[in-house]
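In what follows, a single structure is set out as structure tokens and then discussed.
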Amino acid sequence: MSNIPTLMTASIHTFSPLLATDGFRQTGTSNDSRMAHQHRLQSATSSKAVLALVPANYHELLRDSLMRYATISKWQAHKAAGSLPSHLKSKVPDVHLTKGYLETADSASTQSSFIKKHQQFCKDLLNDLIKAKKDKIMFLERVLTPQAIFERDADTIKKFTEILVTKTKLPILKADDKGNLELNG
């Protein structure tokens with residue numbers, strides 16, 4: 001039905017290096033500590049729970065992106081339940097009809113038609129909102145890739161790197177034959 005769990009899982013895996021901080025740092029290579037870490041990640045059932053696993057310095061950075069996924073999940077849950085999110089709830093517009101007409105079978109048929117069409121309108125609108133939100137996420141994922149950001153901001157990044165290199169001594173890391181990083185300067 002939805003790929004939201006997959007996206008949440010992908011987000012958790014993407015941010016997992018950030019989770020390797022003091023509170024989550026594994027000491028040793030014990031299966032128990034690795035399993036405990038994995039259980040904490042898997043037990044996060046809401047965007048707020050996932051955000052709680054991330055170091056506080058990154059909360060502002062990640063909050064918006066996690067909430068995008070949460071919004072779609074909520075809307076899809078409403079759709080599956082046949083309900084509407086609060087911002088879409090409305091009532092069928094009142095149509096002023098005479099008392100005599102309201103007592104006829106034609107009136108009942110007309111009013112029933114109003115109700116059905118209004119319900120269908122709300123369902124279609126919810127479907128369009130879900131599609132629009134998914135399209136927005138796909139757009140953001142496309143334009144916010146490291147490659148796209150680098151291409152757009154390459155000049156600024158290069159200038160900042162030059163300033164940073166002149167002001168600070170950065171370590172030079174090289175990989176050895178086994179792929180381990182070694183400090184060379």
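A note on labels: chains of the structure tokens are A, B, ... as shown, every chain counts residues from 1, and ligands are counted from 1 in their shown order.
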
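The list of residues with at least one atom within 12 Å of Leu140 (chain A), based on only C-alpha atoms and without residues fewer than 6 positions apart in the same chain, reads Asp64, Ser65, Arg68, Lys133, Lys134, Pro146, Ala148 and Ile149 of chain A.
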
Query - Contact residues around Lys174 (chain A) with only C-alpha atoms at 8 Å, ignoring same-chain residues under 2 positions, as a PyMOL selection string - result: chain A and resi 172+176+181-184

Report summary line: Counting only C-alpha atoms, the residue among A:Glu60, A:Lys136, A:Lys178, A:Val95 that lies closest to Thr110 (chain A) is A:Val95

Requested in this report: Go ahead and compute the interatomic distance for CA of Arg63 (chain A) and CA of Ala80 (chain A), in Å to one decimal.
Outcome: 25.7 Å

For region 98-147 of chain A against region 85-90 of chain A, with a cut-off of 10 Å and counting only C-alpha atoms, what is the closest atom pair and its distance in Å to one decimal for every residue that makes the cut, ordered by chain and number, as a Markdown table?
| residue | atom | partner | partner_atom | distance |
| --- | --- | --- | --- | --- |
| A:His118 | CA | A:Ser90 | CA | 9.0 |
| A:Gln119 | CA | A:Ser90 | CA | 9.5 |
| A:Cys122 | CA | A:Leu88 | CA | 7.0 |
| A:Lys123 | CA | A:Leu88 | CA | 9.4 |
| A:Leu125 | CA | A:Leu88 | CA | 8.3 |
| A:Leu126 | CA | A:Leu88 | CA | 7.8 |

Can I get the selection written as a PDB file, in the first residue's frame, with N, CA, C and O atoms?
ATOM      1  N   HIS A 118     -20.280  15.250  -2.149  1.00  0.00           N
ATOM      2  CA  HIS A 118     -19.391  15.935  -1.208  1.00  0.00           C
ATOM      3  C   HIS A 118     -18.384  14.950  -0.617  1.00  0.00           C
ATOM      4  O   HIS A 118     -17.195  15.261  -0.504  1.00  0.00           O
ATOM      5  N   GLN A 119     -18.846  13.752  -0.252  1.00  0.00           N
ATOM      6  CA  GLN A 119     -17.936  12.729   0.278  1.00  0.00           C
ATOM      7  C   GLN A 119     -16.898  12.342  -0.768  1.00  0.00           C
ATOM      8  O   GLN A 119     -15.714  12.191  -0.453  1.00  0.00           O
ATOM      9  N   CYS A 122     -14.274  15.055  -1.058  1.00  0.00           N
ATOM     10  CA  CYS A 122     -13.308  15.010   0.046  1.00  0.00           C
ATOM     11  C   CYS A 122     -12.314  13.863  -0.146  1.00  0.00           C
ATOM     12  O   CYS A 122     -11.114  14.034   0.101  1.00  0.00           O
ATOM     13  N   LYS A 123     -12.786  12.705  -0.582  1.00  0.00           N
ATOM     14  CA  LYS A 123     -11.885  11.567  -0.829  1.00  0.00           C
ATOM     15  C   LYS A 123     -10.894  11.898  -1.943  1.00  0.00           C
ATOM     16  O   LYS A 123      -9.694  11.613  -1.826  1.00  0.00           O
ATOM     17  N   LEU A 125      -9.927  14.846  -2.889  1.00  0.00           N
ATOM     18  CA  LEU A 125      -9.016  15.873  -2.396  1.00  0.00           C
ATOM     19  C   LEU A 125      -7.929  15.256  -1.522  1.00  0.00           C
ATOM     20  O   LEU A 125      -6.752  15.601  -1.653  1.00  0.00           O
ATOM     21  N   LEU A 126      -8.289  14.311  -0.654  1.00  0.00           N
ATOM     22  CA  LEU A 126      -7.297  13.629   0.184  1.00  0.00           C
ATOM     23  C   LEU A 126      -6.296  12.871  -0.692  1.00  0.00           C
ATOM     24  O   LEU A 126      -5.089  12.933  -0.453  1.00  0.00           O
TER      25      LEU A 126
END

Query raised in the report: Please, which residues of region 54-94 of chain A, numbered as in this document, come out alpha helix (DSSP H) from DSSP, as JSON, numbers by chain?
Result: {"A": [59, 60, 61, 62, 63, 64, 65, 66, 67, 68, 69, 70, 71, 72, 73, 74, 75, 76, 77, 78, 79, 80, 81]}

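What separates CA of Leu51 (chain A) from CA of Phe150 (chain A) is a distance of 26.3 Å.
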